[in-house]
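Visitor: Okay, so here is final.pdb, and as you'll see once you scroll down, it has PDB, C-alpha atoms.
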ATOM      1  CA  MET U   1      14.838  20.895  12.219
ATOM      2  CA  THR U   2      16.052  18.905  15.170
ATOM      3  CA  SER U   3      14.268  16.563  17.502
ATOM      4  CA  LYS U   4      13.449  17.976  20.917
ATOM      5  CA  GLY U   5      11.842  14.865  22.273
ATOM      6  CA  GLY U   6      14.843  12.578  22.385
ATOM      7  CA  VAL U   7      12.644   9.524  21.860
ATOM      8  CA  GLY U   8      14.445   6.383  20.765
ATOM      9  CA  GLY U   9      13.454   4.097  17.937
ATOM     10  CA  PRO U  10      12.222   4.757  14.434
ATOM     11  CA  SER U  11      10.179   7.820  13.655
ATOM     12  CA  ARG U  12       7.954   5.929  11.229
ATOM     13  CA  TYR U  13       5.810   2.845  11.683
ATOM     14  CA  ASP U  14       7.718  -0.262  10.785
ATOM     15  CA  PRO U  15       6.318  -3.754  11.469
ATOM     16  CA  ASP U  16       9.839  -5.152  11.579
ATOM     17  CA  MET U  17      10.248  -3.290  14.869
ATOM     18  CA  GLU U  18       7.042  -4.592  16.449
ATOM     19  CA  GLU U  19       7.443  -4.820  20.214
ATOM     20  CA  ALA U  20       6.214  -7.708  22.320
ATOM     21  CA  GLY U  21       3.679  -6.999  25.004
ATOM     22  CA  THR U  22       1.631  -4.318  23.207
ATOM     23  CA  GLY U  23      -1.359  -6.509  22.531
ATOM     24  CA  ALA U  24      -0.484  -7.151  18.906
ATOM     25  CA  GLU U  25      -1.328 -10.487  17.384
ATOM     26  CA  PRO U  26       1.591 -12.896  16.882
ATOM     27  CA  SER U  27       3.118 -12.598  13.438
ATOM     28  CA  PRO U  28       6.233 -13.685  11.571
ATOM     29  CA  ASP U  29       8.985 -11.648  13.176
ATOM     30  CA  PHE U  30      11.794 -10.235  11.067
ATOM     31  CA  PRO U  31      15.000  -9.300  12.890
ATOM     32  CA  ARG U  32      14.941  -5.890  14.522
ATOM     33  CA  ALA U  33      16.668  -3.106  12.650
ATOM     34  CA  GLN U  34      19.986  -2.203  14.225
ATOM     35  CA  ALA U  35      23.268  -0.590  13.364
ATOM     36  CA  GLY U  36      25.212  -2.729  10.903
ATOM     37  CA  ALA U  37      24.171  -5.820   9.017
ATOM     38  CA  ASN U  38      23.952  -9.278  10.566
ATOM     39  CA  SER U  39      23.341 -12.690   9.050
ATOM     40  CA  GLN U  40      19.637 -12.733   9.957
ATOM     41  CA  ARG U  41      18.979  -9.352   8.396
ATOM     42  CA  LEU U  42      20.966 -10.284   5.303
ATOM     43  CA  LEU U  43      19.044 -13.502   4.799
ATOM     44  CA  ALA U  44      15.706 -11.792   5.457
ATOM     45  CA  ALA U  45      16.615  -9.064   2.945
ATOM     46  CA  ILE U  46      17.538 -11.620   0.286
ATOM     47  CA  LEU U  47      14.267 -13.439   0.902
ATOM     48  CA  GLY U  48      12.542 -10.157   0.132
ATOM     49  CA  ASP U  49      14.406  -9.583  -3.117
ATOM     50  CA  TYR U  50      13.997 -12.955  -4.818
ATOM     51  CA  THR U  51      11.129 -15.386  -5.199
ATOM     52  CA  PHE U  52      12.540 -18.102  -2.992
ATOM     53  CA  GLU U  53       9.097 -19.587  -2.548
ATOM     54  CA  SER U  54       8.854 -20.268  -6.303
ATOM     55  CA  ALA U  55      11.465 -23.002  -5.859
ATOM     56  CA  ASP U  56       9.479 -24.453  -2.947
ATOM     57  CA  ARG U  57      12.478 -25.033  -0.706
ATOM     58  CA  PHE U  58      16.199 -24.440  -0.355
ATOM     59  CA  SER U  59      18.759 -26.684   1.233
ATOM     60  CA  SER U  60      20.759 -25.521   4.219
ATOM     61  CA  THR U  61      23.832 -26.020   2.038
ATOM     62  CA  ALA U  62      22.560 -23.573  -0.557
ATOM     63  CA  ILE U  63      21.724 -20.982   2.057
ATOM     64  CA  SER U  64      25.178 -21.353   3.616
ATOM     65  CA  ARG U  65      26.721 -20.736   0.193
ATOM     66  CA  ILE U  66      24.552 -17.666  -0.288
ATOM     67  CA  LEU U  67      25.503 -16.130   3.056
ATOM     68  CA  ALA U  68      29.165 -16.975   2.483
ATOM     69  CA  GLU U  69      29.099 -14.352  -0.295
ATOM     70  CA  PHE U  70      28.741 -11.785   2.488
ATOM     71  CA  GLY U  71      31.475 -13.243   4.680
ATOM     72  CA  VAL U  72      29.086 -15.181   6.945
ATOM     73  CA  THR U  73      30.587 -18.402   8.294
ATOM     74  CA  ASP U  74      28.812 -21.765   8.279
ATOM     75  CA  ALA U  75      28.178 -21.340  12.009
ATOM     76  CA  GLY U  76      26.696 -17.914  11.393
ATOM     77  CA  ALA U  77      24.465 -19.309   8.645
ATOM     78  CA  ARG U  78      23.206 -22.083  10.931
ATOM     79  CA  LYS U  79      22.419 -19.542  13.633
ATOM     80  CA  ALA U  80      20.538 -17.306  11.169
ATOM     81  CA  LEU U  81      18.486 -20.247   9.922
ATOM     82  CA  SER U  82      17.685 -21.308  13.476
ATOM     83  CA  ARG U  83      16.595 -17.831  14.548
ATOM     84  CA  LEU U  84      14.498 -17.160  11.428
ATOM     85  CA  THR U  85      12.802 -20.530  11.915
ATOM     86  CA  GLU U  86      12.031 -19.615  15.527
ATOM     87  CA  ARG U  87      10.614 -16.293  14.323
ATOM     88  CA  ARG U  88       8.368 -18.180  11.866
ATOM     89  CA  VAL U  89       9.928 -16.478   8.849
ATOM     90  CA  LEU U  90      11.126 -19.868   7.559
ATOM     91  CA  VAL U  91       9.769 -23.400   7.831
ATOM     92  CA  ARG U  92      12.246 -26.275   8.191
ATOM     93  CA  THR U  93      11.619 -29.696   6.664
ATOM     94  CA  ARG U  94      13.591 -32.908   6.295
ATOM     95  CA  ALA U  95      13.846 -35.030   3.156
ATOM     96  CA  GLY U  96      16.145 -38.010   3.280
ATOM     97  CA  ARG U  97      19.406 -36.824   4.778
ATOM     98  CA  GLY U  98      18.866 -33.210   3.773
ATOM     99  CA  THR U  99      17.449 -30.217   5.653
ATOM    100  CA  TYR U 100      15.416 -27.713   3.652
ATOM    101  CA  TYR U 101      13.783 -24.330   4.281
ATOM    102  CA  HIS U 102      10.965 -22.419   2.666
ATOM    103  CA  VAL U 103       9.159 -19.156   3.368
ATOM    104  CA  SER U 104       6.211 -19.706   5.656
ATOM    105  CA  ASP U 105       2.731 -19.049   4.278
ATOM    106  CA  ALA U 106       1.996 -16.703   7.181
ATOM    107  CA  ASN U 107       5.073 -14.669   6.355
ATOM    108  CA  LEU U 108       4.512 -14.409   2.619
ATOM    109  CA  ALA U 109       1.827 -11.709   2.595
ATOM    110  CA  VAL U 110       3.648  -9.687   5.258
ATOM    111  CA  ARG U 111       6.907  -9.852   3.339
ATOM    112  CA  LEU U 112       5.330  -8.718   0.076
ATOM    113  CA  GLU U 113       3.565  -5.792   1.753
ATOM    114  CA  ARG U 114       6.791  -4.629   3.367
ATOM    115  CA  ARG U 115       8.776  -4.975   0.157
ATOM    116  CA  ASN U 116       6.274  -2.903  -1.786
ATOM    117  CA  ARG U 117       6.169  -0.264   0.948
ATOM    118  CA  TYR U 118       9.943   0.194   0.846
ATOM    119  CA  LEU U 119      10.048   0.250  -2.958
ATOM    120  CA  ASN U 120       7.186   2.761  -3.194
ATOM    121  CA  PHE U 121       8.482   5.036  -0.445
ATOM    122  CA  GLY U 122       9.144   8.597  -1.589
ATOM    123  CA  GLU U 123       6.602   8.657  -4.420
ATOM    124  CA  GLN U 124       4.993  12.009  -5.086
ATOM    125  CA  ARG U 125       1.780  12.555  -3.139
ATOM    126  CA  PRO U 126      -0.963  15.215  -2.950
ATOM    127  CA  ALA U 127      -0.165  18.633  -1.494
ATOM    128  CA  TRP U 128      -0.407  18.928   2.290
ATOM    129  CA  ASP U 129      -3.305  21.038   3.571
ATOM    130  CA  GLY U 130      -1.509  22.148   6.752
ATOM    131  CA  GLU U 131      -3.539  19.981   9.104
ATOM    132  CA  TRP U 132      -1.838  18.059  11.917
ATOM    133  CA  THR U 133      -2.866  15.001  13.897
ATOM    134  CA  VAL U 134      -2.217  15.621  17.595
ATOM    135  CA  VAL U 135      -2.173  13.158  20.499
ATOM    136  CA  VAL U 136      -2.299  14.538  24.031
ATOM    137  CA  PHE U 137      -1.910  12.257  27.038
ATOM    138  CA  SER U 138      -1.723  12.376  30.824
ATOM    139  CA  ILE U 139      -0.398   9.145  32.321
ATOM    140  CA  ALA U 140       0.602   8.787  35.978
ATOM    141  CA  GLU U 141       4.142   7.816  36.963
ATOM    142  CA  ARG U 142       2.910   4.505  38.357
ATOM    143  CA  GLU U 143       1.751   3.634  34.827
ATOM    144  CA  ARG U 144       5.094   4.358  33.210
ATOM    145  CA  ALA U 145       5.002   1.060  31.271
ATOM    146  CA  THR U 146       1.827   2.257  29.561
ATOM    147  CA  ARG U 147       3.413   5.637  28.883
ATOM    148  CA  ALA U 148       6.484   3.994  27.366
ATOM    149  CA  ALA U 149       4.323   1.725  25.200
ATOM    150  CA  LEU U 150       2.266   4.687  23.999
ATOM    151  CA  ARG U 151       5.346   6.710  23.093
ATOM    152  CA  ASN U 152       6.852   3.731  21.312
ATOM    153  CA  GLY U 153       3.636   3.082  19.407
ATOM    154  CA  LEU U 154       3.263   6.723  18.411
ATOM    155  CA  GLY U 155       6.834   6.755  17.155
ATOM    156  CA  LYS U 156       6.046   3.790  14.930
ATOM    157  CA  LEU U 157       3.094   5.693  13.514
ATOM    158  CA  GLY U 158       5.310   8.634  12.569
ATOM    159  CA  PHE U 159       4.449  10.923  15.482
ATOM    160  CA  ALA U 160       7.129  12.973  17.241
ATOM    161  CA  PRO U 161       7.076  14.886  20.555
ATOM    162  CA  MET U 162       6.265  18.575  20.203
ATOM    163  CA  ALA U 163       6.235  18.546  24.029
ATOM    164  CA  ASP U 164       6.563  15.704  26.511
ATOM    165  CA  ALA U 165       2.867  14.749  26.426
ATOM    166  CA  VAL U 166       1.940  16.299  23.060
ATOM    167  CA  TRP U 167       2.851  14.285  19.990
ATOM    168  CA  VAL U 168       2.222  15.399  16.409
ATOM    169  CA  ARG U 169       2.418  14.267  12.825
ATOM    170  CA  PRO U 170       1.320  15.949   9.598
ATOM    171  CA  GLU U 171      -2.144  14.679   8.681
ATOM    172  CA  GLY U 172      -3.583  11.190   8.789
ATOM    173  CA  LEU U 173      -3.513   8.058  10.953
ATOM    174  CA  VAL U 174      -6.207   9.309  13.324
ATOM    175  CA  ALA U 175      -7.879   5.901  13.442
ATOM    176  CA  GLU U 176      -4.557   4.152  14.023
ATOM    177  CA  ALA U 177      -3.702   6.483  16.907
ATOM    178  CA  ARG U 178      -7.112   5.900  18.473
ATOM    179  CA  GLU U 179      -6.699   2.143  18.108
ATOM    180  CA  LEU U 180      -3.324   2.314  19.861
ATOM    181  CA  ILE U 181      -4.754   4.390  22.724
ATOM    182  CA  GLY U 182      -7.700   2.051  23.131
ATOM    183  CA  ARG U 183      -5.530  -1.049  23.083
ATOM    184  CA  LEU U 184      -3.301   0.363  25.805
ATOM    185  CA  GLU U 185      -6.258   1.833  27.728
ATOM    186  CA  ALA U 186      -4.223   5.022  28.013
ATOM    187  CA  ARG U 187      -5.502   8.406  29.218
ATOM    188  CA  ALA U 188      -5.060  10.188  25.902
ATOM    189  CA  ALA U 189      -6.986  12.046  23.221
ATOM    190  CA  VAL U 190      -6.579  12.462  19.462
ATOM    191  CA  MET U 191      -7.447  15.623  17.559
ATOM    192  CA  THR U 192      -6.725  17.394  14.295
ATOM    193  CA  ALA U 193      -5.452  20.958  14.405
ATOM    194  CA  ARG U 194      -3.742  23.809  12.597
ATOM    195  CA  PHE U 195      -0.964  25.702  14.348
ATOM    196  CA  ASP U 196      -0.434  29.451  14.129
ATOM    197  CA  GLU U 197       3.043  30.358  12.930
ATOM    198  CA  GLY U 198       5.494  32.213  15.104
ATOM    199  CA  GLY U 199       4.841  30.470  18.413
ATOM    200  CA  ALA U 200       7.587  29.476  20.836
ATOM    201  CA  LEU U 201       6.731  25.841  20.097
ATOM    202  CA  ASP U 202       6.810  24.890  16.421
ATOM    203  CA  PRO U 203       5.525  21.373  15.592
ATOM    204  CA  ARG U 204       7.999  21.124  12.742
ATOM    205  CA  ASP U 205      10.869  21.218  15.230
ATOM    206  CA  ALA U 206       9.743  17.856  16.631
ATOM    207  CA  PHE U 207      11.276  16.067  13.656
ATOM    208  CA  ASP U 208      14.975  15.358  13.221
ATOM    209  CA  LEU U 209      15.844  15.900   9.579
ATOM    210  CA  ASP U 210      19.585  16.315   9.991
ATOM    211  CA  SER U 211      20.274  12.643  10.673
ATOM    212  CA  THR U 212      17.947  11.562   7.860
ATOM    213  CA  ARG U 213      19.685  13.908   5.430
ATOM    214  CA  ALA U 214      23.026  12.404   6.412
ATOM    215  CA  LEU U 215      21.768   8.885   5.636
ATOM    216  CA  TYR U 216      20.498   9.920   2.198
ATOM    217  CA  GLU U 217      23.735  11.722   1.375
ATOM    218  CA  GLU U 218      25.757   8.709   2.508
ATOM    219  CA  LEU U 219      23.723   6.419   0.238
ATOM    220  CA  ILE U 220      24.216   8.752  -2.740
ATOM    221  CA  ALA U 221      27.955   9.156  -2.193
ATOM    222  CA  GLU U 222      28.477   5.414  -1.757
ATOM    223  CA  HIS U 223      26.424   4.157  -4.689
ATOM    224  CA  ALA U 224      26.638   6.832  -7.406
ATOM    225  CA  PRO U 225      29.998   5.404  -8.614
ATOM    226  CA  LEU U 226      28.403   1.952  -8.767
ATOM    227  CA  ALA U 227      25.624   3.271 -11.008
ATOM    228  CA  ALA U 228      28.238   4.763 -13.322
ATOM    229  CA  ARG U 229      30.092   1.431 -13.546
ATOM    230  CA  LEU U 230      26.838  -0.457 -14.127
ATOM    231  CA  ARG U 231      25.973   1.787 -17.082
ATOM    232  CA  ARG U 232      29.346   0.930 -18.602
ATOM    233  CA  GLY U 233      28.852  -2.814 -18.061
ATOM    234  CA  LEU U 234      31.635  -3.072 -15.493
ATOM    235  CA  VAL U 235      29.813  -4.926 -12.707
ATOM    236  CA  ALA U 236      30.248  -8.699 -12.394
ATOM    237  CA  PRO U 237      27.433 -11.023 -11.206
ATOM    238  CA  ALA U 238      29.054 -11.848  -7.855
ATOM    239  CA  GLU U 239      29.526  -8.169  -7.047
ATOM    240  CA  ALA U 240      26.014  -7.332  -8.233
ATOM    241  CA  PHE U 241      24.474  -9.950  -5.954
ATOM    242  CA  VAL U 242      26.225  -8.653  -2.831
ATOM    243  CA  LEU U 243      25.769  -4.962  -3.601
ATOM    244  CA  ARG U 244      22.080  -5.268  -4.501
ATOM    245  CA  ALA U 245      21.336  -6.932  -1.163
ATOM    246  CA  LYS U 246      23.337  -4.354   0.769
ATOM    247  CA  LEU U 247      21.774  -1.454  -1.146
ATOM    248  CA  THR U 248      18.259  -2.732  -0.477
ATOM    249  CA  ASP U 249      19.000  -3.138   3.212
ATOM    250  CA  GLN U 250      20.507   0.357   3.331
ATOM    251  CA  TRP U 251      17.472   1.891   1.604
ATOM    252  CA  ARG U 252      15.167   0.098   4.023
ATOM    253  CA  SER U 253      17.147   1.467   6.960
ATOM    254  CA  VAL U 254      16.752   5.022   5.653
ATOM    255  CA  VAL U 255      13.029   4.544   5.061
ATOM    256  CA  ILE U 256      12.550   3.411   8.655
ATOM    257  CA  VAL U 257      14.000   6.614  10.109
ATOM    258  CA  ASP U 258      12.668   9.099   7.538
ATOM    259  CA  PRO U 259       9.602  10.797   9.109
ATOM    260  CA  ASP U 260       8.122  11.079   5.582
ATOM    261  CA  LEU U 261       7.072  14.698   5.981
ATOM    262  CA  PRO U 262       5.062  16.512   3.304
ATOM    263  CA  GLN U 263       7.099  18.227   0.622
ATOM    264  CA  GLU U 264       5.897  21.595   1.913
ATOM    265  CA  MET U 265       7.791  21.013   5.174
ATOM    266  CA  LEU U 266      11.077  19.932   3.600
ATOM    267  CA  PRO U 267      14.083  22.039   2.560
ATOM    268  CA  ALA U 268      14.345  22.828  -1.134
ATOM    269  CA  ASP U 269      17.522  20.754  -1.399
ATOM    270  CA  TRP U 270      16.100  17.684   0.356
ATOM    271  CA  PRO U 271      18.064  14.682  -1.072
ATOM    272  CA  ARG U 272      15.362  11.995  -0.914
ATOM    273  CA  ALA U 273      14.314  12.279  -4.572
ATOM    274  CA  GLU U 274      17.902  11.916  -5.802
ATOM    275  CA  ALA U 275      18.543   8.980  -3.476
ATOM    276  CA  ARG U 276      15.313   7.294  -4.578
ATOM    277  CA  ARG U 277      16.177   7.638  -8.284
ATOM    278  CA  LEU U 278      19.603   6.132  -7.647
ATOM    279  CA  PHE U 279      18.205   3.272  -5.570
ATOM    280  CA  LEU U 280      15.579   2.363  -8.165
ATOM    281  CA  GLU U 281      18.099   2.464 -11.018
ATOM    282  CA  LEU U 282      20.392   0.080  -9.177
ATOM    283  CA  PHE U 283      17.632  -2.146  -7.789
ATOM    284  CA  ASP U 284      16.427  -2.937 -11.311
ATOM    285  CA  GLY U 285      19.759  -2.614 -13.102
ATOM    286  CA  LEU U 286      21.645  -5.044 -10.865
ATOM    287  CA  ALA U 287      18.818  -7.595 -10.796
ATOM    288  CA  PRO U 288      19.710  -9.773 -13.845
ATOM    289  CA  LEU U 289      23.371 -10.003 -12.856
ATOM    290  CA  ALA U 290      22.538 -10.720  -9.225
ATOM    291  CA  LEU U 291      20.078 -13.428 -10.230
ATOM    292  CA  ASP U 292      22.720 -15.140 -12.360
ATOM    293  CA  ARG U 293      25.001 -15.324  -9.345
ATOM    294  CA  LEU U 294      22.230 -16.565  -7.063
ATOM    295  CA  LYS U 295      21.326 -19.324  -9.519
ATOM    296  CA  SER U 296      24.935 -20.481  -9.668
ATOM    297  CA  LEU U 297      25.108 -20.617  -5.846
ATOM    298  CA  VAL U 298      21.915 -22.641  -5.558
ATOM    299  CA  ALA U 299      22.523 -24.931  -8.555
ATOM    300  CA  GLU U 300      25.262 -26.965  -6.882
ATOM    301  CA  SER U 301      22.865 -28.441  -4.309
ATOM    302  CA  ASP U 302      19.516 -27.881  -6.070
ATOM    303  CA  PRO U 303      19.856 -27.604  -9.878
ATOM    304  CA  GLU U 304      16.117 -27.802 -10.529
ATOM    305  CA  GLY U 305      15.289 -25.188  -7.897
ATOM    306  CA  ALA U 306      17.890 -22.838  -9.359
ATOM    307  CA  THR U 307      16.099 -22.811 -12.714
ATOM    308  CA  ARG U 308      12.882 -21.614 -11.063
ATOM    309  CA  LEU U 309      14.451 -18.672  -9.244
ATOM    310  CA  ALA U 310      13.428 -15.161 -10.216
ATOM    311  CA  HIS U 311      14.060 -11.646  -9.010
ATOM    312  CA  HIS U 312      11.633  -8.867  -8.172
ATOM    313  CA  LEU U 313      11.601  -5.727 -10.284
ATOM    314  CA  LEU U 314       9.522  -2.642  -9.716
ATOM    315  CA  ALA U 315       5.937  -3.527 -10.525
ATOM    316  CA  PRO U 316       2.349  -2.547  -9.670
ATOM    317  CA  PRO U 317       1.425  -3.410  -6.065
ATOM    318  CA  LEU U 318       1.043  -7.129  -5.506
ATOM    319  CA  ARG U 319      -1.993  -8.783  -3.986
ATOM    320  CA  PRO U 320      -0.653 -10.175  -0.713
ATOM    321  CA  GLY U 321      -1.239 -13.823   0.000
ATOM    322  CA  SER U 322      -1.041 -15.293  -3.470
ATOM    323  CA  ARG U 323       2.025 -17.061  -4.763
ATOM    324  CA  ASP U 324       0.799 -16.467  -8.317
ATOM    325  CA  ASP U 325       1.161 -12.699  -7.966
ATOM    326  CA  HIS U 326       4.941 -12.543  -7.896
ATOM    327  CA  PRO U 327       6.575 -10.682 -10.795
ATOM    328  CA  GLU U 328       8.961 -13.477 -11.732
ATOM    329  CA  VAL U 329      11.374 -12.079 -14.276
ATOM    330  CA  PRO U 330      14.005 -14.443 -15.675
ATOM    331  CA  SER U 331      17.529 -13.167 -16.097
ATOM    332  CA  ALA U 332      18.915 -12.434 -19.525
ATOM    333  CA  ALA U 333      20.931 -15.612 -19.305
ATOM    334  CA  GLY U 334      18.046 -17.660 -17.964
TER     335      GLY U 334
END
The structure in this file should be written as structure tokens.
Guide:
Amino acid sequence: MTSKGGVGGPSRYDPDMEEAGTGAEPSPDFPRAQAGANSQRLLAAILGDYTFESADRFSSTAISRILAEFGVTDAGARKALSRLTERRVLVRTRAGRGTYYHVSDANLAVRLERRNRYLNFGEQRPAWDGEWTVVVFSIAERERATRAALRNGLGKLGFAPMADAVWVRPEGLVAEARELIGRLEARAAVMTARFDEGGALDPRDAFDLDSTRALYEELIAEHAPLAARLRRGLVAPAEAFVLRAKLTDQWRSVVIVDPDLPQEMLPADWPRAEARRLFLELFDGLAPLALDRLKSLVAESDPEGATRLAHHLLAPPLRPGSRDDHPEVPSAAG
């Protein structure tokens, strides 16, 4: 299956990619996904993997030491802190001669929801009944900004272009599509439909699976040797800390582009299940070692805060908005 629409951006809804000017309410704004890691994305990813808020605040010195593990310079760390503060992901405070940062209350619930969504992605779900959600629109050339916003919004909801003005996705999100259309005041309609097989236009061809397959296969090839070393106890804490953050960011990047099609539409050898098993094994398996390294990095400037650090493991969905709902799991050494 290859994409015929040529539409840029992610094929699934991802709040991290929220565009300005679409009528959405202001919210804490994580860095946009892009090719390659940068200091902002790294820091945001680490904030999602460990309960930073449990230690109340972290000094700029500690955060610089953390990012230095990934080759980020002091200047790069200062820039990341400045940008994440501007985006309302972090709150900056002063105490004496020190500068400290903590996760903003507004960001906390959003961050937990996103983390759980990425960790739960790829779970088995009920069989697909063959029904599609279809959006049809007719927008004049003079309203091309509205047309672009509609296409962008549909892409975030997991729709893809079966034809230029006909976008489809397997089942669901009818209400979300209608909300998007209403917010943009676009000339469009939403319907549910079943397509006869054998037509010149096949809705399944709207989705690009080749590039997604390549990302899954790359993740498996890169990290399967790491899993083997971890089982033999051959991964040190410093390595575990860096690799767990990079693995989580890589998994998140795959989730963003995966159209999350029903199993019935996927090839028999689709690699998502294997990649998911590998990711989950490493996400949990590296956690105690990575936490030990993180504590040692933080302890130099904030010994008490280091003792209260914890990592996230796979757990039942959290109730967003409560700091008491974090699965705080101490390391074996802690």
Visitor: Would you pick out the contacts of Leu280 (chain U) at 12 Å or less, using all atoms listed in the file, so that residues sharing its chain but fewer than 4 positions from it are not included, and give the list as number ranges by chain?
Guide: U: 118-123, 223-224, 227, 244, 247-248, 251, 273-276, 284-287, 312-315
Visitor: Give me the residues within 10 Å of Glu217 (chain U) as a ChimeraX atom specification, counting all atoms listed in the file and dropping any in the same chain fewer than 5 places off.
Guide: /U:211-212,222,270-272,274-275
Visitor: Which of these, U:Glu143, U:Glu281, U:Asp49, U:Glu113, has the shortest distance to Leu184 (chain U) once you count only C-alpha atoms?
Guide: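 Closest candidate: U:Glu143.
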Visitor: At what distance in Å, to one decimal, does CA of Ser301 (chain U) lie from CA of Thr93 (chain U)?
Guide: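 Computed distance, CA of Thr93 (chain U) to CA of Ser301 (chain U), equals 15.8 Å.
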Visitor: Per residue of region 190-261 of chain U within 6 Å of region 288-299 of chain U, note the shortest atom pair and the distance in Å to one decimal, counting all atoms listed in the file, and order the rows by chain and increasing residue number, as CSV.
Guide:
residue,atom,partner,partner_atom,distance
U:Pro237,CA,U:Leu289,CA,4.5
U:Ala238,CA,U:Arg293,CA,5.5
U:Ala240,CA,U:Ala290,CA,5.0
U:Phe241,CA,U:Ala290,CA,3.9
Visitor: Could you check the closest approach to Pro203 (chain U) for each of U:Asp105, U:Ala245, U:Met265, U:Arg231 and tell me which residue wins, using only C-alpha atoms?
Guide: U:Met265
Visitor: Nearest to Leu42 (chain U): which of U:Glu69, U:Asp196, U:Asp260, U:Glu179 is it, counting only C-alpha atoms?
Guide: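 Between U:Glu69, U:Asp196, U:Asp260, U:Glu179, the residue approaching Leu42 (chain U) most closely is U:Glu69.
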Visitor: Nearest to Gly172 (chain U): which of U:Val91, U:Val136, U:Leu282, U:Leu261 is it, counting only C-alpha atoms?
Guide: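 The answer is U:Leu261, which sits nearest to Gly172 (chain U).
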Visitor: CA of Leu278 (chain U) and CA of Ile220 (chain U) are how many Å apart?
Guide: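 According to the coordinates, CA of Leu278 (chain U) and CA of Ile220 (chain U) are separated by 7.2 Å.
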Visitor: Rank nothing, just name the residue among U:Trp132, U:Phe137, U:Phe283, U:Trp167 nearest to Pro262 (chain U), using only C-alpha atoms.
Guide: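 Answer, going by the shortest atom-to-atom distance: U:Trp132.
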Visitor: Mind pulling up the distance from CA of Arg125 (chain U) to CA of Ala206 (chain U)?
Guide: 22.0 Å
Visitor: For this file, the PyMOL selection byres ((chain U and resi 133) around 6) selects which residues, as a list in words?
Guide: Trp132, Val134, Val168, Arg169, Glu171, Met191 and Thr192 of chain U
Visitor: If we count only C-alpha atoms, what is near Asp74 (chain U) at a cut-off of 9 Å, once residues fewer than 6 positions away on the same chain are taken out, given as a list in words?
Guide: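 My list of contacting residues is Ser64, Arg65, Leu67 and Ala68 of chain U.
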Visitor: List, as a ChimeraX atom specification, every residue that the PyMOL selection byres ((chain U and resi 258) around 8) selects in the file provided.
Guide: /U:11-12,209,212,254-257,259-260
Visitor: Could you dump the residues just selected with C-alpha atoms as a CSV table (one decimal), in the frame of the given file?
Guide:
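The new file out.csv reads:
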chain,number,residue,atom,x,y,z
U,11,SER,CA,10.2,7.8,13.7
U,12,ARG,CA,8.0,5.9,11.2
U,209,LEU,CA,15.8,15.9,9.6
U,212,THR,CA,17.9,11.6,7.9
U,254,VAL,CA,16.8,5.0,5.7
U,255,VAL,CA,13.0,4.5,5.1
U,256,ILE,CA,12.6,3.4,8.7
U,257,VAL,CA,14.0,6.6,10.1
U,259,PRO,CA,9.6,10.8,9.1
U,260,ASP,CA,8.1,11.1,5.6
Visitor: What's the 10 Å shell around Ala95 (chain U), counting only C-alpha atoms, without same-chain residues fewer than 4 positions away, as a ChimeraX atom specification?
Guide: /U:59,99-100
Visitor: Carefully work through the PyMOL selection byres ((chain U and resi 43) around 9) for this structure and note down the residues it includes, as a list in words.
Guide: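 Evaluating the PyMOL selection byres ((chain U and resi 43) around 9) on these coordinates yields Asn38, Ser39, Gln40, Arg41, Leu42, Ala44, Ala45, Ile46, Leu47, Gly48, Ile63, Ile66, Leu67, Ala77, Ala80, Leu81 and Leu84 of chain U.
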Visitor: Taking C-alpha atoms for each residue, export the selection above as a JSON list (two decimals), in the coordinates of the input.
Guide:
[["chain", "number", "residue", "atom", "x", "y", "z"],
["U", 38, "ASN", "CA", 23.95, -9.28, 10.57],
["U", 39, "SER", "CA", 23.34, -12.69, 9.05],
["U", 40, "GLN", "CA", 19.64, -12.73, 9.96],
["U", 41, "ARG", "CA", 18.98, -9.35, 8.40],
["U", 42, "LEU", "CA", 20.97, -10.28, 5.30],
["U", 44, "ALA", "CA", 15.71, -11.79, 5.46],
["U", 45, "ALA", "CA", 16.61, -9.06, 2.94],
["U", 46, "ILE", "CA", 17.54, -11.62, 0.29],
["U", 47, "LEU", "CA", 14.27, -13.44, 0.90],
["U", 48, "GLY", "CA", 12.54, -10.16, 0.13],
["U", 63, "ILE", "CA", 21.72, -20.98, 2.06],
["U", 66, "ILE", "CA", 24.55, -17.67, -0.29],
["U", 67, "LEU", "CA", 25.50, -16.13, 3.06],
["U", 77, "ALA", "CA", 24.46, -19.31, 8.64],
["U", 80, "ALA", "CA", 20.54, -17.31, 11.17],
["U", 81, "LEU", "CA", 18.49, -20.25, 9.92],
["U", 84, "LEU", "CA", 14.50, -17.16, 11.43]]
Visitor: Just checking: using all atoms listed in the file, which residue out of U:Gly130, U:Pro303, U:Gly153, U:Pro267 ends up closest to Asp210 (chain U)?
Guide: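 Ranking U:Gly130, U:Pro303, U:Gly153, U:Pro267 by distance to Asp210 (chain U), first place goes to U:Pro267.
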